[in-house]
2 protein chains.
Amino acid sequence: MASEPTRLRARYRQPPMKPLIQGLRVFETVSERQPIGVSELARTLELPKASVQRALVALGDAGWLRRTPGPSPRWVVTQHAMVIGMLGTGGSTLRELALPVMEELRDATRESIHLAVPEDDGLVVVERIEGPQGGRQIEPIGRRVPYHATASGKAVLAHLVPELRQQRLRESLQHHGTRVAFEPATFALELDRVVALGYSVTDREWRPDVIAVGAPILTTRGEPIGAISVSAPADRMPAPLRDDYGQLVANAGKDLSDRLHRHMADAS
Amino acid sequence: MASEPTRLRARYRQPPMKPLIQGLRVFETVSERQPIGVSELARTLELPKASVQRALVALGDAGWLRRTPGPSPRWVVTQHAMVIGMLGTGGSTLRELALPVMEELRDATRESIHLAVPEDDGLVVVERIEGPQGGRQIEPIGRRVPYHATASGKAVLAHLVPELRQQRLRESLQHHGTRVAFEPATFALELDRVVALGYSVTDREWRPDVIAVGAPILTTRGEPIGAISVSAPADRMPAPLRDDYGQLVANAGKDLSDRLHRHMADAS
DNA sequence: GCTTTTGTTTCGTCTGACGGAACAGTGGAC
DNA sequence: GTCCACTGTTCCGTCAGACGAAACAAAAGC
């Protein structure tokens with residue numbers, strides 16, 4: 001037989017599963033622009049109305065979307081995605097193990113504590129408890145924050161292998177901007193200090209007027225899988241206090257890492 | 001033409017969109033049993049391995065799942081679902097509007113505050129802030145709780161139209177059990193009292209040792225779209241305090257409802 | 001009234017999902 | 001070492017069923 005040099009077969013291992021992908025796109029778009037109707041949705045997605053309609057009805061039957069009553073139906077997301085996302089075992093065990101540690105840290109500092117995990121171009125806040133003194137230095141759960149401007153982000157970056165560190169840093173700078181001038185050389189030195197000290201600092205680089213200190217949560221192999229941080233209004237964390245809180249958060253990070261290792265060991 | 005009496009066509013308006021539905025089932029199952037591999041997943045879902053594999057890879061490409069490295073890959077959910085679910089505009093604006101009200105209530109009572117929204121056979125906790133005194137009377141965000149045994153649930157039930165009230169109550173009793181004997185007649189009277197007083201009470205009916213008071217969040221048409229509640233260990237909320245906190249939570253509910261109405265008016 | 005929206009349904013075409021089977025590693029048991 | 005029982009991954013012929021233009025119905029402007 002004649003070989004086929006020109007007709008080299010498109011090299012995908014698995015078919016693209018179009019209905020699933022499009023359904024998920026529909027779902028995500030509804031969540032961003034809800035409440036929204038079929039026609040507008042079809043326009044924004046540049047898809048035929050019939051296809052969008054089909055996906056909407058299927059997602060509705062599956063319990064992910066709900067159509068509002070009335071003559072001109074709009075679609076909104078249910079709590080289904082959140083429930084699954086929040087209670088999905090993975091993040092959930094980390095959160096459960098973290099809560100006591102976070103409370104202890106809150107009581108020691110009287111400030112707000114955040115728990116975040118890395119997720120491609122940023123960190124996602126997965127748990128938060130507030131300090132008794134109020135102030136608006138908290139992030140909502142689910143918020144995505146950059147690597148390069150937050151205490152948690154720096155704590156994670158500092159413990160990544162160099163190539164991953166560069167990659168994450170690049171993506172982070174690209175997707176979120178910077179509030180302050182960014183010097184690669186200075187930043188590299190700062191990350192080295194983070195490793196040496198055991199904690200990271202952000203001084204009004206992300207939220208204006210917020211200073212925070214953070215520490216990584218590490219696996220037994222030393223890979224960062226999350227970070228814990230203490231946030232306060234700038235005037236409540238002057239230079240001397242910063243190191244005290246830094247020590248506290250570093251210990252909390254180690255404590256939580258230990259608990260995690262013990263938990264993993266128990267499971268097996 | 002001859003009519004077709006025998007061959008009455010299967011009455012579904014829209015095709016079942018199998019790949020989407022199965023993909024979502026795969027996702028949900030992974031979230032429940034993660035970390036899990038293809039074979040085990042295929043066994044629990046009673047689906048061919050190849051089909052499951054296809055869905056997993058597609059969900060991975062779409063960013064909803066991640067495969068753990070190593071020779072025997074396991075699948076886990078990413079934070080994607082949580083981020084979308086939590087930041088989906090609907091719940092998000094309610095949460096944002098609620099936080100200041102919840103903080104105020106926390107400061108007034110020094111106890112933990114929950115915000116929940118109704119979702120078919122129960123309520124889902126969407127926000128929570130803890131009181132400064134600790135104690136373990138908190139529910140995790142995303143937790144589904146029953147209508148009939150919680151303060152928030154009773155507050156919502158009391159403000160539903162009778163037929164919906166019956167339906168939700170029935171489903172709630174069916175899906176979650178009861179800790180205490182349940183008397184329909186007494187319960188109906190209790191709901192009437194809730195409307196009259198403006199707040200509801202649960203006395204160790206859900207969590208042993210937890211007493212809570214709750215109030216509904218109502219639309220301009222009087223439909224309940226959520227509830228706010230104050231929870232405390234039983235010994236910190238004796239009978240006289242219960243009414244004080246009840247008044248506070250009722251006011252907080254009204255306050256939050258007003259803010260919501262103003263917000264809706266501004267948007268249009 | 002007419003026109004332009006909206007949501008919903010139908011239906012013929014042909015893509016691409018399905019799933020059995022084969023393949024390729026991995027880890028134990030003996 | 002060899003076997004065996006398991007993993008995860010890939011292939012490919014068949015045909016269910018997703019696709020989307022078009023027609024429909026029902027509001028909302030004008």
# chains A, B, ... in the order shown; residues from 1 in each chain; ligands from 1
$ closest_atom_pairs --of "chain B" --to "chain D" --cutoff "8 Å" --atoms "only C-alpha atoms (C1' of nucleotides)" --output "Markdown table"
| residue | atom | partner | partner_atom | distance |
| --- | --- | --- | --- | --- |
| B:Pro15 | CA | D:DG17 | C1' | 7.9 |
| B:Met17 | CA | D:DA18 | C1' | 7.6 |
| B:Val38 | CA | D:DG8 | C1' | 7.4 |
| B:Ser39 | CA | D:DT7 | C1' | 7.6 |
| B:Ser72 | CA | D:DT7 | C1' | 7.2 |
| B:Pro73 | CA | D:DG8 | C1' | 7.8 |
$ interface_residues --of "chain A" --to "chain B" --cutoff "6 Å" --atoms "only C-alpha atoms" --output "PDB file with N, CA and C atoms, in the first residue's frame"
ATOM      1  N   PRO A  19     -20.017  17.719  23.643  1.00  0.00           N
ATOM      2  CA  PRO A  19     -21.203  18.061  24.432  1.00  0.00           C
ATOM      3  C   PRO A  19     -20.878  18.378  25.889  1.00  0.00           C
ATOM      4  N   LEU A  20     -19.956  17.632  26.455  1.00  0.00           N
ATOM      5  CA  LEU A  20     -19.567  17.886  27.848  1.00  0.00           C
ATOM      6  C   LEU A  20     -18.931  19.267  27.968  1.00  0.00           C
ATOM      7  N   SER A  31     -23.057  31.251  35.218  1.00  0.00           N
ATOM      8  CA  SER A  31     -22.654  31.660  36.562  1.00  0.00           C
ATOM      9  C   SER A  31     -22.077  33.077  36.553  1.00  0.00           C
ATOM     10  N   GLU A  32     -21.457  33.456  35.430  1.00  0.00           N
ATOM     11  CA  GLU A  32     -20.869  34.795  35.361  1.00  0.00           C
ATOM     12  C   GLU A  32     -21.902  35.880  35.074  1.00  0.00           C
ATOM     13  N   ALA A  81     -22.979  23.380  42.597  1.00  0.00           N
ATOM     14  CA  ALA A  81     -21.539  23.445  42.323  1.00  0.00           C
ATOM     15  C   ALA A  81     -20.772  23.795  43.594  1.00  0.00           C
ATOM     16  N   MET A  82     -21.304  24.759  44.360  1.00  0.00           N
ATOM     17  CA  MET A  82     -20.612  25.160  45.563  1.00  0.00           C
ATOM     18  C   MET A  82     -20.549  24.018  46.569  1.00  0.00           C
ATOM     19  N   VAL A  83     -21.676  23.344  46.742  1.00  0.00           N
ATOM     20  CA  VAL A  83     -21.725  22.247  47.701  1.00  0.00           C
ATOM     21  C   VAL A  83     -20.694  21.189  47.332  1.00  0.00           C
ATOM     22  N   GLY A  85     -18.058  21.543  45.390  1.00  0.00           N
ATOM     23  CA  GLY A  85     -16.715  22.097  45.464  1.00  0.00           C
ATOM     24  C   GLY A  85     -16.227  22.242  46.891  1.00  0.00           C
ATOM     25  N   MET A  86     -17.120  22.682  47.789  1.00  0.00           N
ATOM     26  CA  MET A  86     -16.695  22.928  49.164  1.00  0.00           C
ATOM     27  C   MET A  86     -16.561  21.634  49.951  1.00  0.00           C
ATOM     28  N   GLY A  88     -16.242  18.551  48.674  1.00  0.00           N
ATOM     29  CA  GLY A  88     -15.422  17.526  48.035  1.00  0.00           C
ATOM     30  C   GLY A  88     -14.260  17.202  48.954  1.00  0.00           C
ATOM     31  N   GLY A 142     -13.224  31.577  48.055  1.00  0.00           N
ATOM     32  CA  GLY A 142     -13.388  31.370  46.620  1.00  0.00           C
ATOM     33  C   GLY A 142     -12.614  32.392  45.800  1.00  0.00           C
TER      34      GLY A 142
END
$ select_by_dssp --residues "range 50-180 of chain A" --states "strand (DSSP E or B)" --output "VMD selection string"
chain A and resid 65 to 67 75 to 77 112 to 119 122 to 129 144 to 145
$ calpha_fit_and_write --fixed "chain B" --moving "chain A" --output "CSV table (one decimal) with C-alpha atoms, in the first residue's frame"
chain,number,residue,atom,x,y,z
A,1,MET,CA,-52.3,7.9,6.0
A,2,ALA,CA,-52.9,5.5,8.8
A,3,SER,CA,-52.7,7.1,12.2
A,4,GLU,CA,-50.2,5.7,14.7
A,5,PRO,CA,-52.1,5.1,17.9
A,6,THR,CA,-49.7,2.6,19.3
A,7,ARG,CA,-46.4,4.3,18.5
A,8,LEU,CA,-47.0,7.4,20.6
A,9,ARG,CA,-43.8,9.2,20.5
A,10,ALA,CA,-41.9,9.5,23.8
A,11,ARG,CA,-42.8,13.0,25.0
A,12,TYR,CA,-39.6,14.7,25.8
A,13,ARG,CA,-39.1,18.3,24.7
A,14,GLN,CA,-35.4,18.2,24.6
A,15,PRO,CA,-33.0,15.3,24.0
A,16,PRO,CA,-31.3,14.1,27.1
A,17,MET,CA,-27.8,15.4,26.4
A,18,LYS,CA,-26.2,12.2,27.6
A,19,PRO,CA,-22.6,13.2,27.4
A,20,LEU,CA,-23.1,16.3,29.5
A,21,ILE,CA,-25.2,14.4,32.1
A,22,GLN,CA,-22.8,11.5,32.4
A,23,GLY,CA,-19.8,13.9,32.6
A,24,LEU,CA,-21.5,15.7,35.5
A,25,ARG,CA,-22.2,12.4,37.2
A,26,VAL,CA,-18.6,11.4,36.8
A,27,PHE,CA,-17.5,14.7,38.3
A,28,GLU,CA,-19.8,14.4,41.3
A,29,THR,CA,-18.7,10.9,42.0
A,30,VAL,CA,-15.1,11.8,41.8
A,31,SER,CA,-15.8,14.6,44.3
A,32,GLU,CA,-17.4,12.1,46.7
A,33,ARG,CA,-14.8,9.4,46.5
A,34,GLN,CA,-11.6,11.0,45.5
A,35,PRO,CA,-8.9,10.1,45.0
A,36,ILE,CA,-10.3,7.4,42.7
A,37,GLY,CA,-9.1,5.5,39.6
A,38,VAL,CA,-10.9,4.8,36.3
A,39,SER,CA,-11.7,1.2,37.0
A,40,GLU,CA,-13.3,1.7,40.4
A,41,LEU,CA,-15.2,4.7,39.1
A,42,ALA,CA,-16.5,2.7,36.2
A,43,ARG,CA,-17.7,0.0,38.6
A,44,THR,CA,-19.5,2.4,41.0
A,45,LEU,CA,-21.2,4.2,38.1
A,46,GLU,CA,-21.9,0.9,36.3
A,47,LEU,CA,-20.5,2.4,33.1
A,48,PRO,CA,-18.0,1.1,30.6
A,49,LYS,CA,-14.4,2.1,31.4
A,50,ALA,CA,-13.8,3.7,28.0
A,51,SER,CA,-16.7,6.1,28.5
A,52,VAL,CA,-15.6,7.1,32.0
A,53,GLN,CA,-12.1,7.6,30.8
A,54,ARG,CA,-13.3,9.9,28.0
A,55,ALA,CA,-15.2,12.0,30.5
A,56,LEU,CA,-12.3,12.1,32.9
A,57,VAL,CA,-9.9,13.3,30.3
A,58,ALA,CA,-12.3,15.9,29.1
A,59,LEU,CA,-13.0,17.2,32.6
A,60,GLY,CA,-9.3,17.3,33.2
A,61,ASP,CA,-8.7,19.4,30.1
A,62,ALA,CA,-11.5,21.7,31.1
A,63,GLY,CA,-9.8,22.2,34.5
A,64,TRP,CA,-12.4,20.6,36.7
A,65,LEU,CA,-10.4,17.5,37.6
A,66,ARG,CA,-6.7,16.8,38.0
A,67,ARG,CA,-5.0,13.5,37.7
A,68,THR,CA,-2.4,12.8,40.4
A,69,PRO,CA,1.0,11.9,39.1
A,70,GLY,CA,2.4,8.4,39.5
A,71,PRO,CA,2.1,5.1,37.8
A,72,SER,CA,-1.5,4.4,39.0
A,73,PRO,CA,-3.2,7.7,38.4
A,74,ARG,CA,-6.0,8.8,40.7
A,75,TRP,CA,-8.4,11.7,39.9
A,76,VAL,CA,-9.2,14.5,42.3
A,77,VAL,CA,-11.4,17.7,41.9
A,78,THR,CA,-9.7,21.0,41.5
A,79,GLN,CA,-10.9,24.2,43.2
A,80,HIS,CA,-12.7,25.2,40.0
A,81,ALA,CA,-16.2,24.2,41.1
A,82,MET,CA,-15.8,25.9,44.4
A,83,VAL,CA,-14.5,29.1,42.9
A,84,ILE,CA,-17.4,29.2,40.4
A,85,GLY,CA,-20.0,28.3,43.0
A,86,MET,CA,-18.8,30.7,45.6
A,87,LEU,CA,-18.1,33.7,43.4
A,88,GLY,CA,-21.0,33.2,41.1
A,89,THR,CA,-22.7,36.6,41.2
A,90,GLY,CA,-26.0,35.4,42.7
A,91,GLY,CA,-25.0,34.1,46.0
A,92,SER,CA,-22.1,36.5,46.1
A,93,THR,CA,-24.1,39.7,46.2
A,94,LEU,CA,-26.2,38.3,49.0
A,95,ARG,CA,-23.1,37.3,50.9
A,96,GLU,CA,-21.5,40.7,50.4
A,97,LEU,CA,-24.6,42.6,51.5
A,98,ALA,CA,-24.9,40.2,54.5
A,99,LEU,CA,-21.4,40.4,55.9
A,100,PRO,CA,-21.8,43.9,57.6
A,101,VAL,CA,-25.2,42.9,59.0
A,102,MET,CA,-23.7,39.6,60.3
A,103,GLU,CA,-20.8,41.4,61.9
A,104,GLU,CA,-23.1,43.8,63.7
A,105,LEU,CA,-25.2,40.9,65.0
A,106,ARG,CA,-22.0,39.1,66.1
A,107,ASP,CA,-20.8,42.1,68.0
A,108,ALA,CA,-24.2,42.5,69.6
A,109,THR,CA,-24.5,38.9,70.7
A,110,ARG,CA,-20.9,37.7,70.9
A,111,GLU,CA,-22.1,34.5,69.3
A,112,SER,CA,-21.7,32.8,65.9
A,113,ILE,CA,-23.8,33.9,62.9
A,114,HIS,CA,-24.9,31.8,60.0
A,115,LEU,CA,-26.4,32.8,56.6
A,116,ALA,CA,-28.2,30.0,54.7
A,117,VAL,CA,-30.3,29.8,51.6
A,118,PRO,CA,-33.0,27.3,50.7
A,119,GLU,CA,-32.2,24.6,48.1
A,120,ASP,CA,-34.7,21.9,47.5
A,121,ASP,CA,-34.7,19.4,50.4
A,122,GLY,CA,-32.8,21.6,52.8
A,123,LEU,CA,-30.8,24.8,53.4
A,124,VAL,CA,-27.2,25.4,52.4
A,125,VAL,CA,-24.9,27.4,54.6
A,126,VAL,CA,-23.4,30.1,52.4
A,127,GLU,CA,-21.6,32.3,55.0
A,128,ARG,CA,-20.6,32.1,58.6
A,129,ILE,CA,-18.8,34.2,61.1
A,130,GLU,CA,-17.7,33.0,64.5
A,131,GLY,CA,-18.2,34.5,67.8
A,132,PRO,CA,-15.2,35.5,70.0
A,133,GLN,CA,-16.1,32.9,72.7
A,134,GLY,CA,-15.4,29.8,70.7
A,135,GLY,CA,-17.3,26.6,71.2
A,136,ARG,CA,-18.1,24.1,68.5
A,137,GLN,CA,-21.6,25.3,67.4
A,138,ILE,CA,-20.6,26.2,63.8
A,139,GLU,CA,-21.5,24.6,60.5
A,140,PRO,CA,-19.0,24.5,57.6
A,141,ILE,CA,-19.8,26.6,54.6
A,142,GLY,CA,-21.5,24.4,52.0
A,143,ARG,CA,-23.2,22.1,54.6
A,144,ARG,CA,-26.8,21.1,53.9
A,145,VAL,CA,-29.1,21.3,56.9
A,146,PRO,CA,-32.7,20.3,57.3
A,147,TYR,CA,-35.7,22.6,57.3
A,148,HIS,CA,-37.6,21.2,60.2
A,149,ALA,CA,-34.9,21.1,62.9
A,150,THR,CA,-33.0,24.4,62.5
A,151,ALA,CA,-33.8,28.0,63.3
A,152,SER,CA,-33.0,29.1,59.7
A,153,GLY,CA,-35.1,26.3,58.3
A,154,LYS,CA,-38.1,27.1,60.5
A,155,ALA,CA,-37.8,30.8,59.6
A,156,VAL,CA,-38.0,30.0,55.9
A,157,LEU,CA,-40.7,27.4,56.2
A,158,ALA,CA,-42.9,29.8,58.2
A,159,HIS,CA,-42.9,32.3,55.3
A,160,LEU,CA,-43.6,29.8,52.5
A,161,VAL,CA,-47.1,29.4,51.0
A,162,PRO,CA,-48.8,26.4,52.6
A,163,GLU,CA,-48.4,23.9,49.8
A,164,LEU,CA,-44.7,24.6,49.4
A,165,ARG,CA,-44.4,24.5,53.1
A,166,GLN,CA,-45.8,21.0,53.3
A,167,GLN,CA,-43.7,19.8,50.4
A,168,ARG,CA,-40.4,21.1,51.7
A,169,LEU,CA,-41.3,19.8,55.2
A,170,ARG,CA,-42.0,16.4,53.9
A,171,GLU,CA,-38.8,16.2,51.8
A,172,SER,CA,-36.8,17.5,54.7
A,173,LEU,CA,-38.2,14.9,57.2
A,174,GLN,CA,-37.6,12.2,54.6
A,175,HIS,CA,-34.0,13.1,53.8
A,176,HIS,CA,-32.7,14.0,57.2
A,177,GLY,CA,-34.1,12.2,60.3
A,178,THR,CA,-35.4,13.8,63.4
A,179,ARG,CA,-33.6,13.9,66.8
A,180,VAL,CA,-36.7,14.5,68.7
A,181,ALA,CA,-40.3,13.3,68.4
A,182,PHE,CA,-42.1,15.2,65.6
A,183,GLU,CA,-45.7,16.4,66.0
A,184,PRO,CA,-47.2,17.9,62.8
A,185,ALA,CA,-49.9,19.8,64.8
A,186,THR,CA,-47.5,21.3,67.3
A,187,PHE,CA,-45.1,22.2,64.5
A,188,ALA,CA,-47.8,24.1,62.6
A,189,LEU,CA,-48.5,26.1,65.7
A,190,GLU,CA,-44.8,26.8,66.2
A,191,LEU,CA,-44.5,28.1,62.6
A,192,ASP,CA,-47.5,30.5,63.3
A,193,ARG,CA,-45.7,31.8,66.3
A,194,VAL,CA,-42.6,32.3,64.2
A,195,VAL,CA,-44.5,34.6,61.9
A,196,ALA,CA,-46.1,36.5,64.8
A,197,LEU,CA,-42.8,36.9,66.7
A,198,GLY,CA,-40.6,37.5,63.7
A,199,TYR,CA,-38.0,34.9,64.7
A,200,SER,CA,-37.7,31.1,65.1
A,201,VAL,CA,-36.0,29.0,67.7
A,202,THR,CA,-34.3,25.6,67.7
A,203,ASP,CA,-33.6,24.0,71.1
A,204,ARG,CA,-31.1,21.2,70.6
A,205,GLU,CA,-33.2,19.7,67.8
A,206,TRP,CA,-30.3,19.7,65.3
A,207,ARG,CA,-27.0,19.8,67.1
A,208,PRO,CA,-27.2,18.5,70.6
A,209,ASP,CA,-26.4,21.3,73.0
A,210,VAL,CA,-26.9,24.1,70.5
A,211,ILE,CA,-29.7,26.6,70.8
A,212,ALA,CA,-30.2,29.0,67.9
A,213,VAL,CA,-32.6,31.8,66.9
A,214,GLY,CA,-33.3,32.7,63.2
A,215,ALA,CA,-35.1,35.2,61.0
A,216,PRO,CA,-36.0,35.1,57.3
A,217,ILE,CA,-34.7,37.2,54.5
A,218,LEU,CA,-37.7,38.2,52.4
A,219,THR,CA,-38.2,39.6,48.9
A,220,THR,CA,-40.5,42.5,48.4
A,221,ARG,CA,-43.2,40.0,47.6
A,222,GLY,CA,-42.6,38.3,51.0
A,223,GLU,CA,-40.9,35.2,49.6
A,224,PRO,CA,-38.1,33.8,51.8
A,225,ILE,CA,-34.8,33.6,50.0
A,226,GLY,CA,-32.6,32.9,52.9
A,227,ALA,CA,-32.2,33.1,56.7
A,228,ILE,CA,-29.8,34.5,59.2
A,229,SER,CA,-29.3,32.9,62.6
A,230,VAL,CA,-27.5,33.2,65.9
A,231,SER,CA,-26.1,29.9,67.4
A,232,ALA,CA,-24.8,29.3,70.9
A,233,PRO,CA,-24.2,26.5,73.3
A,234,ALA,CA,-27.4,25.8,75.2
A,235,ASP,CA,-26.1,27.2,78.5
A,236,ARG,CA,-25.3,30.5,77.0
A,237,MET,CA,-28.8,31.1,75.7
A,238,PRO,CA,-31.3,30.6,78.6
A,239,ALA,CA,-35.0,31.4,78.1
A,240,PRO,CA,-34.8,35.2,78.8
A,241,LEU,CA,-31.9,35.8,76.5
A,242,ARG,CA,-33.5,33.9,73.8
A,243,ASP,CA,-36.1,36.6,73.2
A,244,ASP,CA,-33.5,39.4,73.3
A,245,TYR,CA,-31.4,37.6,70.7
A,246,GLY,CA,-34.6,36.8,68.8
A,247,GLN,CA,-35.4,40.5,68.5
A,248,LEU,CA,-31.9,41.2,67.4
A,249,VAL,CA,-31.9,38.6,64.7
A,250,ALA,CA,-35.4,39.6,63.6
A,251,ASN,CA,-34.1,43.2,63.1
A,252,ALA,CA,-31.0,41.9,61.3
A,253,GLY,CA,-33.2,39.9,59.0
A,254,LYS,CA,-35.3,43.0,58.2
A,255,ASP,CA,-32.2,45.1,57.8
A,256,LEU,CA,-30.7,42.7,55.4
A,257,SER,CA,-34.0,42.3,53.4
A,258,ASP,CA,-34.1,46.1,53.1
A,259,ARG,CA,-30.5,46.3,51.9
A,260,LEU,CA,-31.3,43.7,49.3
A,261,HIS,CA,-34.4,45.5,48.1
A,262,ARG,CA,-32.4,48.8,47.8
A,263,HIS,CA,-29.7,46.9,45.9
A,264,MET,CA,-32.2,45.4,43.5
A,265,ALA,CA,-33.8,48.8,42.9
A,266,ASP,CA,-30.3,50.4,42.2
A,267,ALA,CA,-29.5,47.7,39.7
A,268,SER,CA,-32.5,48.4,37.5
$ select_by_dssp --residues "range 39-76 of chain A" --states "helix (DSSP H, G or I)" --output "JSON, numbers by chain"
{"A": [39, 40, 41, 42, 43, 44, 45, 49, 50, 51, 52, 53, 54, 55, 56, 57, 58, 59, 60, 61]}
$ interface_residues --of "chain C" --to "chain B" --cutoff "12 Å" --atoms "only C-alpha atoms (C1' of nucleotides)" --output "number ranges by chain"
C: 8-10, 16-21, 25-27
